[in-house]
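Structure file upload.csv (CSV, C-alpha atoms and all ligand atoms) is printed below.
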chain,number,residue,atom,x,y,z
D,1,MET,CA,0.0,0.0,0.0
D,2,LEU,CA,1.2,3.5,-0.9
D,3,LYS,CA,-0.4,6.8,-0.2
D,4,PHE,CA,0.5,10.1,-2.0
D,5,CYS,CA,-0.3,13.7,-1.1
D,6,SER,CA,0.9,16.8,-2.9
D,7,LEU,CA,1.6,19.4,-0.2
D,8,TYR,CA,2.5,22.2,-2.7
D,9,SER,CA,2.9,22.0,-6.4
D,10,GLY,CA,3.7,24.5,-9.1
D,11,SER,CA,6.3,26.8,-10.4
D,12,THR,CA,6.1,28.6,-7.0
D,13,GLY,CA,7.2,25.7,-4.9
D,14,ASN,CA,7.0,21.9,-4.6
D,15,SER,CA,6.9,19.3,-1.9
D,16,LEU,CA,5.3,15.9,-2.1
D,17,LEU,CA,4.6,13.2,0.6
D,18,VAL,CA,4.7,9.5,0.0
D,19,GLN,CA,3.6,7.1,2.7
D,20,SER,CA,3.6,3.4,3.3
D,21,LYS,CA,2.2,1.7,6.3
D,22,ASN,CA,5.4,2.4,8.3
D,23,THR,CA,7.3,5.1,6.4
D,24,ASN,CA,6.9,8.7,5.3
D,25,ILE,CA,9.2,10.5,2.9
D,26,LEU,CA,9.1,13.9,1.2
D,27,ILE,CA,10.1,14.6,-2.3
D,28,ASP,CA,11.6,18.1,-2.5
D,29,ALA,CA,11.2,20.9,0.0
D,30,GLY,CA,10.6,23.9,-2.3
D,31,VAL,CA,8.7,26.2,0.0
D,32,SER,CA,9.7,27.4,3.5
D,33,CYS,CA,10.1,25.0,6.3
D,34,LYS,CA,7.2,26.6,8.1
D,35,LYS,CA,4.9,26.1,5.1
D,36,ILE,CA,5.8,22.4,4.9
D,37,THR,CA,5.3,21.7,8.6
D,38,ASP,CA,1.9,23.6,8.4
D,39,ALA,CA,0.8,21.4,5.5
D,40,LEU,CA,1.9,18.2,7.3
D,41,GLU,CA,0.0,19.3,10.4
D,42,ASN,CA,-3.0,19.9,8.2
D,43,ILE,CA,-3.0,16.3,7.0
D,44,ASN,CA,-2.1,14.9,10.4
D,45,VAL,CA,1.4,13.8,9.6
D,46,ASN,CA,4.0,14.4,12.3
D,47,VAL,CA,7.1,16.0,10.8
D,48,ASN,CA,9.2,13.9,13.2
D,49,ASP,CA,7.9,10.8,11.4
D,50,ILE,CA,9.5,11.9,8.1
D,51,SER,CA,12.3,9.4,7.4
D,52,ALA,CA,14.0,11.2,4.4
D,53,ILE,CA,13.7,13.9,1.9
D,54,LEU,CA,14.5,13.0,-1.8
D,55,VAL,CA,15.7,15.9,-4.0
D,56,THR,CA,14.8,15.9,-7.8
D,57,HIS,CA,17.0,18.9,-8.6
D,58,GLU,CA,18.5,22.2,-7.3
D,59,HIS,CA,16.0,24.7,-8.7
D,60,THR,CA,14.7,27.0,-5.9
D,61,ASP,CA,11.1,25.8,-6.3
D,62,HIS,CA,12.3,22.4,-5.1
D,63,ILE,CA,14.8,23.2,-2.3
D,64,GLN,CA,13.9,26.5,-0.7
D,65,GLY,CA,13.1,25.1,2.7
D,66,LEU,CA,15.4,22.0,2.5
D,67,GLY,CA,18.3,23.0,4.7
D,68,THR,CA,16.1,24.4,7.5
D,69,LEU,CA,13.7,21.4,7.5
D,70,SER,CA,16.5,18.9,7.6
D,71,LYS,CA,18.4,20.8,10.3
D,72,LYS,CA,15.4,21.5,12.5
D,73,TYR,CA,14.0,18.0,12.5
D,74,ASN,CA,17.2,16.0,11.8
D,75,ILE,CA,16.0,14.5,8.5
D,76,PRO,CA,18.4,12.7,6.1
D,77,VAL,CA,18.5,14.3,2.6
D,78,PHE,CA,19.2,12.2,-0.5
D,79,ALA,CA,20.5,13.9,-3.7
D,80,THR,CA,23.1,13.1,-6.4
D,81,SER,CA,26.6,14.5,-6.0
D,82,LYS,CA,26.1,17.0,-8.8
D,83,THR,CA,22.9,18.2,-7.3
D,84,TRP,CA,24.6,18.6,-3.9
D,85,ASP,CA,27.4,20.6,-5.6
D,86,ASN,CA,24.8,23.0,-7.0
D,87,MET,CA,22.9,23.7,-3.8
D,88,LYS,CA,25.8,24.7,-1.5
D,89,GLU,CA,23.8,27.2,0.5
D,90,GLN,CA,21.3,24.5,1.5
D,91,LYS,CA,24.1,21.9,2.0
D,92,GLU,CA,25.8,24.1,4.5
D,93,LYS,CA,22.8,24.0,6.8
D,94,ILE,CA,22.6,20.2,6.8
D,95,SER,CA,24.6,18.2,9.2
D,96,ASP,CA,27.1,15.8,7.7
D,97,ASN,CA,25.3,12.6,8.8
D,98,ASN,CA,22.2,13.7,7.0
D,99,ILE,CA,23.9,14.3,3.7
D,100,LYS,CA,23.2,11.1,1.6
D,101,TYR,CA,24.1,10.4,-2.0
D,102,PHE,CA,22.5,8.3,-4.7
D,103,ASN,CA,23.4,7.7,-8.3
D,104,ILE,CA,20.6,8.0,-10.9
D,105,SER,CA,19.3,4.6,-12.0
D,106,GLU,CA,20.8,2.8,-9.0
D,107,ASP,CA,18.1,1.6,-6.7
D,108,PHE,CA,18.2,2.2,-3.0
D,109,GLU,CA,16.0,1.6,0.0
D,110,ILE,CA,14.5,3.7,2.7
D,111,GLU,CA,12.9,1.4,5.3
D,112,ASP,CA,10.2,-0.5,3.4
D,113,LEU,CA,10.4,1.6,0.3
D,114,ILE,CA,12.5,0.8,-2.8
D,115,ILE,CA,13.5,4.0,-4.5
D,116,LYS,CA,14.2,4.0,-8.3
D,117,SER,CA,15.4,7.2,-10.0
D,118,PHE,CA,15.5,8.1,-13.7
D,119,LYS,CA,17.1,11.0,-15.5
D,120,THR,CA,14.8,13.8,-16.6
D,121,PRO,CA,15.6,16.2,-19.5
D,122,HIS,CA,15.7,19.6,-17.7
D,123,ASP,CA,18.0,22.5,-17.5
D,124,ALA,CA,19.5,21.5,-14.1
D,125,ALA,CA,22.8,19.8,-13.1
D,126,ASP,CA,21.5,16.3,-12.7
D,127,SER,CA,17.7,16.3,-12.5
D,128,CYS,CA,15.7,13.1,-12.0
D,129,GLY,CA,12.2,11.7,-11.3
D,130,PHE,CA,11.4,8.9,-8.9
D,131,SER,CA,9.5,5.6,-8.8
D,132,ILE,CA,8.7,4.3,-5.3
D,133,ILE,CA,7.8,0.7,-4.7
D,134,ASN,CA,6.3,-1.0,-1.7
D,135,ASN,CA,5.2,-4.7,-1.9
D,136,ASN,CA,5.1,-4.6,-5.7
D,137,THR,CA,3.0,-1.5,-5.8
D,138,LYS,CA,4.7,1.2,-7.8
D,139,ILE,CA,4.0,4.9,-8.1
D,140,SER,CA,6.0,7.5,-10.0
D,141,ILE,CA,6.7,11.2,-9.9
D,142,ALA,CA,7.9,13.1,-13.0
D,143,THR,CA,7.9,16.9,-13.1
D,144,ASP,CA,10.3,19.4,-14.6
D,145,LEU,CA,11.0,17.6,-17.9
D,146,GLY,CA,11.1,19.0,-21.4
D,147,HIS,CA,9.9,15.9,-23.1
D,148,ILE,CA,9.2,12.2,-22.6
D,149,ASP,CA,11.5,9.7,-24.3
D,150,ASN,CA,11.3,5.9,-24.4
D,151,LYS,CA,13.6,5.5,-21.4
D,152,ILE,CA,11.4,7.8,-19.2
D,153,PHE,CA,8.3,6.1,-20.5
D,154,ASP,CA,9.8,2.7,-19.6
D,155,SER,CA,10.6,4.0,-16.1
D,156,LEU,CA,7.0,5.1,-15.6
D,157,SER,CA,5.5,1.9,-17.0
D,158,GLY,CA,3.8,-0.3,-14.5
D,159,SER,CA,3.0,2.5,-12.1
D,160,LYS,CA,-0.5,2.4,-10.6
D,161,PHE,CA,-0.3,6.1,-9.8
D,162,ILE,CA,1.7,8.9,-11.3
D,163,MET,CA,2.2,12.6,-10.6
D,164,LEU,CA,3.0,14.1,-13.9
D,165,GLU,CA,3.9,17.6,-14.9
D,166,ALA,CA,1.3,19.6,-16.9
D,167,ASN,CA,3.1,22.9,-16.9
D,168,TYR,CA,1.6,25.0,-19.6
D,169,GLU,CA,-1.0,25.3,-22.3
D,170,PRO,CA,0.8,26.1,-25.6
D,171,GLU,CA,-1.8,28.7,-26.8
D,172,ILE,CA,-1.5,30.7,-23.6
D,173,LEU,CA,2.3,30.5,-23.5
D,174,LYS,CA,2.4,31.7,-27.1
D,175,TYR,CA,0.5,34.9,-26.3
D,176,SER,CA,1.9,35.5,-22.8
D,177,HIS,CA,4.2,38.4,-21.8
D,178,TYR,CA,7.1,36.1,-21.2
D,179,PRO,CA,10.3,37.2,-23.0
D,180,PHE,CA,11.1,35.2,-26.1
D,181,ALA,CA,14.1,33.5,-24.5
D,182,LEU,CA,12.0,32.3,-21.6
D,183,LYS,CA,9.3,31.0,-23.8
D,184,GLN,CA,11.9,29.0,-25.8
D,185,ARG,CA,13.3,27.6,-22.6
D,186,ILE,CA,9.9,26.4,-21.4
D,187,LEU,CA,9.1,24.9,-24.8
D,188,GLY,CA,12.5,23.4,-25.3
D,189,GLU,CA,13.7,19.8,-25.0
D,190,ASN,CA,14.9,20.5,-21.5
D,191,GLY,CA,12.1,22.8,-20.3
D,192,HIS,CA,8.7,21.8,-19.1
D,193,LEU,CA,5.8,19.5,-20.2
D,194,SER,CA,2.6,20.8,-21.7
D,195,ASN,CA,-0.9,19.7,-20.8
D,196,HIS,CA,-1.3,17.9,-24.0
D,197,ILE,CA,1.9,15.8,-23.8
D,198,ALA,CA,0.9,15.0,-20.2
D,199,GLY,CA,-2.5,13.7,-21.4
D,200,GLN,CA,-0.9,11.7,-24.2
D,201,THR,CA,1.6,10.1,-21.8
D,202,LEU,CA,-1.1,9.1,-19.4
D,203,ALA,CA,-3.1,7.6,-22.2
D,204,HIS,CA,-0.2,5.4,-23.2
D,205,LEU,CA,0.4,4.4,-19.5
D,206,VAL,CA,-3.1,3.1,-18.9
D,207,ASP,CA,-2.2,-0.2,-20.7
D,208,SER,CA,0.6,-0.9,-18.1
D,209,GLY,CA,-1.8,-0.6,-15.2
D,210,LEU,CA,-2.1,3.1,-14.4
D,211,GLU,CA,-5.2,3.7,-12.3
D,212,SER,CA,-4.9,7.2,-11.1
D,213,ALA,CA,-2.9,10.4,-11.8
D,214,ILE,CA,-2.4,13.9,-10.5
D,215,LEU,CA,-1.3,16.7,-12.8
D,216,GLY,CA,1.2,19.0,-11.2
D,217,HIS,CA,3.8,21.7,-11.4
D,218,LEU,CA,1.4,24.0,-13.2
D,219,SER,CA,2.7,27.4,-14.4
D,220,LYS,CA,1.1,30.3,-12.6
D,221,GLU,CA,1.0,32.4,-15.8
D,222,ASN,CA,0.6,29.9,-18.6
D,223,ASN,CA,-2.0,27.5,-17.2
D,224,PHE,CA,-4.8,27.0,-14.8
D,225,PRO,CA,-6.2,23.8,-13.1
D,226,LYS,CA,-9.4,23.5,-15.1
D,227,LEU,CA,-7.6,23.9,-18.4
D,228,ALA,CA,-4.9,21.4,-17.5
D,229,TYR,CA,-7.6,18.9,-16.5
D,230,GLU,CA,-9.6,19.4,-19.7
D,231,SER,CA,-6.7,19.4,-22.0
D,232,ALA,CA,-5.4,16.1,-20.5
D,233,LEU,CA,-8.9,14.6,-20.7
D,234,GLU,CA,-9.2,15.6,-24.3
D,235,GLU,CA,-5.9,13.8,-25.1
D,236,LEU,CA,-7.1,10.7,-23.2
D,237,SER,CA,-10.2,10.6,-25.2
D,238,ASN,CA,-8.3,11.2,-28.5
D,239,TYR,CA,-6.4,8.0,-27.6
D,240,GLY,CA,-9.6,6.1,-26.8
D,241,VAL,CA,-9.3,6.2,-23.0
D,242,SER,CA,-12.5,7.0,-21.3
D,243,LYS,CA,-12.3,9.1,-18.2
D,244,ASP,CA,-13.8,6.2,-16.2
D,245,PHE,CA,-10.6,4.3,-16.7
D,246,ILE,CA,-8.4,6.8,-14.8
D,247,ASN,CA,-8.9,8.8,-11.7
D,248,LEU,CA,-7.5,12.1,-12.8
D,249,THR,CA,-7.0,15.2,-10.5
D,250,VAL,CA,-4.9,18.3,-10.4
D,251,ALA,CA,-2.5,19.3,-7.6
D,252,ASN,CA,-3.1,22.6,-5.8
D,253,ARG,CA,-0.5,25.3,-5.8
D,254,ASP,CA,-0.9,26.3,-2.2
D,255,LYS,CA,-2.6,23.6,-0.2
D,256,PRO,CA,-2.5,19.8,0.2
D,257,SER,CA,-4.3,17.6,-2.3
D,258,ASN,CA,-6.5,14.7,-1.2
D,259,PHE,CA,-4.6,11.5,-0.3
D,260,ILE,CA,-4.4,9.1,-3.2
D,261,GLU,CA,-4.1,5.5,-2.1
D,262,VAL,CA,-2.9,2.6,-4.2
D,263,SER,CA,-2.3,-1.0,-3.4
J,1,ZN,ZN,13.2,22.9,-12.4
J,2,ZN,ZN,10.2,23.1,-10.8

Represent the structure from my file as structure tokens, please.
Amino acid sequence: MLKFCSLYSGSTGNSLLVQSKNTNILIDAGVSCKKITDALENINVNVNDISAILVTHEHTDHIQGLGTLSKKYNIPVFATSKTWDNMKEQKEKISDNNIKYFNISEDFEIEDLIIKSFKTPHDAADSCGFSIINNNTKISIATDLGHIDNKIFDSLSGSKFIMLEANYEPEILKYSHYPFALKQRILGENGHLSNHIAGQTLAHLVDSGLESAILGHLSKENNFPKLAYESALEELSNYGVSKDFINLTVANRDKPSNFIEVS
């Protein structure tokens, strides 16, 4: 059994909770320590029960509260060595015994969870997504990625639940006030994922057992929840997947989502 809750999600800050019967971990800590502990309190999880924080990459919207949270509550932090090298300010706050390393694609364990990581195409030093397995139940988290290639698709396959980025709606981005260079960055191979690619990816994953999904990391300027949801549904239906086949929701920017449970 695994449970998932998005505490915060979006270009303004990200932190996600994954829970098994005995273990709680966070993925990213991209808002203040106070906001994270407030959200945990809100969903009745004791911050002292968090066994680890996994870091996807060093962008501020993923690490803003990391150092303080680890220091204050003595929580081990797992990141790749290149990611550690690119978040020195946070690293300095974290005690040596809580600095943990992993290599992308090499599995490791945190209590009863098996952690698998996969490389994501994004403009960061060594960014990755995660699959988390408990008793053969697999869930995956993939945000901050410019495109989906076969390798990523294979990593996501077999997940019963996925949190997938739906960052922008192309038509809104096209007419937004963003400078040309920033638009190119978002649209690029190493930028972010659109609502439509997210929907198409989910449609392809249904065959491998996907039951539920939450769209996340929405842009504040170039997207909104209803549109992300409808664009993804439209793609699902384009690929012949009825909305009854998948429990699809959208993560909130500023408050916890509902718990999603898979077993
Ligand atoms: Zn990023
Ligand atoms: Zn991000």

Could you list, as a PDB file with C-alpha atoms, keeping the file's coordinate frame, all protein and nucleic acid residues with an atom at most 12 Å from ligand ZN 1 (chain J), counting all atoms listed in the file?
ATOM      1  CA  SER D   9       2.900  22.000  -6.400  1.00  0.00           C
ATOM      2  CA  GLY D  10       3.700  24.500  -9.100  1.00  0.00           C
ATOM      3  CA  SER D  11       6.300  26.800 -10.400  1.00  0.00           C
ATOM      4  CA  THR D  12       6.100  28.600  -7.000  1.00  0.00           C
ATOM      5  CA  GLY D  13       7.200  25.700  -4.900  1.00  0.00           C
ATOM      6  CA  ASN D  14       7.000  21.900  -4.600  1.00  0.00           C
ATOM      7  CA  ASP D  28      11.600  18.100  -2.500  1.00  0.00           C
ATOM      8  CA  GLY D  30      10.600  23.900  -2.300  1.00  0.00           C
ATOM      9  CA  VAL D  55      15.700  15.900  -4.000  1.00  0.00           C
ATOM     10  CA  THR D  56      14.800  15.900  -7.800  1.00  0.00           C
ATOM     11  CA  HIS D  57      17.000  18.900  -8.600  1.00  0.00           C
ATOM     12  CA  GLU D  58      18.500  22.200  -7.300  1.00  0.00           C
ATOM     13  CA  HIS D  59      16.000  24.700  -8.700  1.00  0.00           C
ATOM     14  CA  THR D  60      14.700  27.000  -5.900  1.00  0.00           C
ATOM     15  CA  ASP D  61      11.100  25.800  -6.300  1.00  0.00           C
ATOM     16  CA  HIS D  62      12.300  22.400  -5.100  1.00  0.00           C
ATOM     17  CA  ILE D  63      14.800  23.200  -2.300  1.00  0.00           C
ATOM     18  CA  THR D  83      22.900  18.200  -7.300  1.00  0.00           C
ATOM     19  CA  THR D 120      14.800  13.800 -16.600  1.00  0.00           C
ATOM     20  CA  PRO D 121      15.600  16.200 -19.500  1.00  0.00           C
ATOM     21  CA  HIS D 122      15.700  19.600 -17.700  1.00  0.00           C
ATOM     22  CA  ASP D 123      18.000  22.500 -17.500  1.00  0.00           C
ATOM     23  CA  ALA D 124      19.500  21.500 -14.100  1.00  0.00           C
ATOM     24  CA  ALA D 125      22.800  19.800 -13.100  1.00  0.00           C
ATOM     25  CA  ASP D 126      21.500  16.300 -12.700  1.00  0.00           C
ATOM     26  CA  SER D 127      17.700  16.300 -12.500  1.00  0.00           C
ATOM     27  CA  CYS D 128      15.700  13.100 -12.000  1.00  0.00           C
ATOM     28  CA  GLY D 129      12.200  11.700 -11.300  1.00  0.00           C
ATOM     29  CA  ALA D 142       7.900  13.100 -13.000  1.00  0.00           C
ATOM     30  CA  THR D 143       7.900  16.900 -13.100  1.00  0.00           C
ATOM     31  CA  ASP D 144      10.300  19.400 -14.600  1.00  0.00           C
ATOM     32  CA  LEU D 145      11.000  17.600 -17.900  1.00  0.00           C
ATOM     33  CA  GLY D 146      11.100  19.000 -21.400  1.00  0.00           C
ATOM     34  CA  GLU D 165       3.900  17.600 -14.900  1.00  0.00           C
ATOM     35  CA  ASN D 167       3.100  22.900 -16.900  1.00  0.00           C
ATOM     36  CA  ARG D 185      13.300  27.600 -22.600  1.00  0.00           C
ATOM     37  CA  ILE D 186       9.900  26.400 -21.400  1.00  0.00           C
ATOM     38  CA  ASN D 190      14.900  20.500 -21.500  1.00  0.00           C
ATOM     39  CA  GLY D 191      12.100  22.800 -20.300  1.00  0.00           C
ATOM     40  CA  HIS D 192       8.700  21.800 -19.100  1.00  0.00           C
ATOM     41  CA  LEU D 193       5.800  19.500 -20.200  1.00  0.00           C
ATOM     42  CA  HIS D 217       3.800  21.700 -11.400  1.00  0.00           C
ATOM     43  CA  LEU D 218       1.400  24.000 -13.200  1.00  0.00           C
ATOM     44  CA  SER D 219       2.700  27.400 -14.400  1.00  0.00           C
TER      45      SER D 219
END

Could you check how far atom CA of Asn48 of chain D sits from atom CA of Ile104 of chain D, in Å to one decimal?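 Straight-line distance from atom CA of Asn48 of chain D to atom CA of Ile104 of chain D works out to 27.3 Å.
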
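Closest approach to Glu92 of chain D among D:Leu66, D:Ala198, D:Ile148, D:Met163: D:Leu66, based on all atoms listed in the file.
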
The distance between atom CA of Lys226 of chain D and atom CA of Ser131 of chain D is 26.8 Å

With all atoms listed in the file as the atoms that count, which of D:Arg253, D:His147, D:Lys160, D:His177 lies nearest to Glu189 of chain D?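 Nearest candidate to Glu189 of chain D out of D:Arg253, D:His147, D:Lys160, D:His177: D:His147.
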
Expressed in Å to a single decimal, how great is the separation between atom CA of Leu215 of chain D and atom CA of Pro76 of chain D?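 If I compute the distance from atom CA of Leu215 of chain D to atom CA of Pro76 of chain D, I get 27.6 Å.
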
Restricting the calculation to all atoms listed in the file, which member of D:Thr23, D:Phe108, D:Ser15, D:Ser6 is positioned closest to ligand ZN 2 (chain J)?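 Of D:Thr23, D:Phe108, D:Ser15, D:Ser6, the one nearest ligand ZN 2 (chain J) is D:Ser15, counting all atoms listed in the file.
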
Residue with the minimum atom-to-atom distance to Glu211 of chain D, picked from D:Gly199, D:Gly240, D:Pro256, D:Gly158 with all atoms listed in the file counted, is D:Gly158

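Comparing D:Gly65, D:Asn223, D:Gly216, D:Phe118 by their smallest distance to ligand ZN 2 (chain J), the closest is D:Gly216 (using all atoms listed in the file).
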
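Nearest residue to ligand ZN 2 (chain J), choosing from D:Tyr239, D:Tyr8, D:Tyr73, D:Phe161 and counting only C-alpha atoms and all ligand atoms: D:Tyr8.
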
Need to verify the contact set: Lys34 of chain D, 10 Å, all atoms listed in the file, exclusion of same-chain residues closer than 5 positions in sequence. Can you return it as an mmCIF file with C-alpha atoms, keeping the file's coordinate frame?
data_model
loop_
_atom_site.group_PDB
_atom_site.id
_atom_site.type_symbol
_atom_site.label_atom_id
_atom_site.label_comp_id
_atom_site.auth_asym_id
_atom_site.auth_seq_id
_atom_site.Cartn_x
_atom_site.Cartn_y
_atom_site.Cartn_z
ATOM 1 C CA ALA D 39 0.800 21.400 5.500
ATOM 2 C CA LEU D 40 1.900 18.200 7.300
ATOM 3 C CA GLY D 65 13.100 25.100 2.700
ATOM 4 C CA THR D 68 16.100 24.400 7.500
ATOM 5 C CA LEU D 69 13.700 21.400 7.500
#

I want to know what sits within 10 Å of Ile133 of chain D, based on all atoms listed in the file, with residues of the same chain fewer than 2 positions away left out; could you give that as a ChimeraX atom specification? /D:1-2,20,109,112-116,130-131,135-140,159

Could you pull the residues within 10 Å of Val45 of chain D, counting all atoms listed in the file, minus those fewer than 5 positions along the same chain, as a PDB file with C-alpha atoms, in the coordinates of the input?
ATOM      1  CA  LEU D  17       4.600  13.200   0.600  1.00  0.00           C
ATOM      2  CA  GLN D  19       3.600   7.100   2.700  1.00  0.00           C
ATOM      3  CA  ASN D  24       6.900   8.700   5.300  1.00  0.00           C
ATOM      4  CA  THR D  37       5.300  21.700   8.600  1.00  0.00           C
ATOM      5  CA  ASP D  38       1.900  23.600   8.400  1.00  0.00           C
ATOM      6  CA  ALA D  39       0.800  21.400   5.500  1.00  0.00           C
ATOM      7  CA  LEU D  40       1.900  18.200   7.300  1.00  0.00           C
ATOM      8  CA  ILE D  50       9.500  11.900   8.100  1.00  0.00           C
TER       9      ILE D  50
END

Please complete segment 41-60 of chain D so it has N, CA and C atoms, and hand it over as an mmCIF file, keeping the file's coordinate frame.
data_model
loop_
_atom_site.group_PDB
_atom_site.id
_atom_site.type_symbol
_atom_site.label_atom_id
_atom_site.label_comp_id
_atom_site.auth_asym_id
_atom_site.auth_seq_id
_atom_site.Cartn_x
_atom_site.Cartn_y
_atom_site.Cartn_z
ATOM 1 N N GLU D 41 0.912 19.242 9.260
ATOM 2 C CA GLU D 41 0.000 19.300 10.400
ATOM 3 C C GLU D 41 -1.458 19.200 9.912
ATOM 4 N N ASN D 42 -1.707 19.930 8.837
ATOM 5 C CA ASN D 42 -3.000 19.900 8.200
ATOM 6 C C ASN D 42 -3.520 18.534 7.807
ATOM 7 N N ILE D 43 -2.583 17.671 7.399
ATOM 8 C CA ILE D 43 -3.000 16.300 7.000
ATOM 9 C C ILE D 43 -2.645 15.277 8.028
ATOM 10 N N ASN D 44 -2.387 15.753 9.245
ATOM 11 C CA ASN D 44 -2.100 14.900 10.400
ATOM 12 C C ASN D 44 -0.925 13.959 10.246
ATOM 13 N N VAL D 45 0.134 14.495 9.673
ATOM 14 C CA VAL D 45 1.400 13.800 9.600
ATOM 15 C C VAL D 45 2.391 14.515 10.512
ATOM 16 N N ASN D 46 3.022 13.772 11.427
ATOM 17 C CA ASN D 46 4.000 14.400 12.300
ATOM 18 C C ASN D 46 5.328 14.541 11.586
ATOM 19 N N VAL D 47 5.848 15.742 11.570
ATOM 20 C CA VAL D 47 7.100 16.000 10.800
ATOM 21 C C VAL D 47 8.253 15.098 11.387
ATOM 22 N N ASN D 48 8.156 14.725 12.660
ATOM 23 C CA ASN D 48 9.200 13.900 13.200
ATOM 24 C C ASN D 48 9.125 12.432 12.683
ATOM 25 N N ASP D 49 8.053 12.115 11.987
ATOM 26 C CA ASP D 49 7.900 10.800 11.400
ATOM 27 C C ASP D 49 8.415 10.766 9.914
ATOM 28 N N ILE D 50 8.964 11.883 9.433
ATOM 29 C CA ILE D 50 9.500 11.900 8.100
ATOM 30 C C ILE D 50 10.902 11.247 8.086
ATOM 31 N N SER D 51 11.047 10.157 7.330
ATOM 32 C CA SER D 51 12.300 9.400 7.400
ATOM 33 C C SER D 51 13.378 9.962 6.442
ATOM 34 N N ALA D 52 12.966 10.673 5.411
ATOM 35 C CA ALA D 52 14.000 11.200 4.400
ATOM 36 C C ALA D 52 13.321 12.201 3.522
ATOM 37 N N ILE D 53 14.175 13.020 2.926
ATOM 38 C CA ILE D 53 13.700 13.900 1.900
ATOM 39 C C ILE D 53 14.549 13.564 0.611
ATOM 40 N N LEU D 54 13.873 13.282 -0.492
ATOM 41 C CA LEU D 54 14.500 13.000 -1.800
ATOM 42 C C LEU D 54 14.509 14.339 -2.571
ATOM 43 N N VAL D 55 15.603 14.641 -3.268
ATOM 44 C CA VAL D 55 15.700 15.900 -4.000
ATOM 45 C C VAL D 55 15.730 15.567 -5.529
ATOM 46 N N THR D 56 14.813 16.158 -6.302
ATOM 47 C CA THR D 56 14.800 15.900 -7.800
ATOM 48 C C THR D 56 15.897 16.759 -8.456
ATOM 49 N N HIS D 57 16.033 18.030 -8.047
ATOM 50 C CA HIS D 57 17.000 18.900 -8.600
ATOM 51 C C HIS D 57 17.119 20.213 -7.846
ATOM 52 N N GLU D 58 18.119 21.034 -8.185
ATOM 53 C CA GLU D 58 18.500 22.200 -7.300
ATOM 54 C C GLU D 58 17.732 23.456 -7.573
ATOM 55 N N HIS D 59 16.756 23.478 -8.455
ATOM 56 C CA HIS D 59 16.000 24.700 -8.700
ATOM 57 C C HIS D 59 15.291 25.136 -7.384
ATOM 58 N N THR D 60 15.249 26.465 -7.151
ATOM 59 C CA THR D 60 14.700 27.000 -5.900
ATOM 60 C C THR D 60 13.337 26.460 -5.544
#
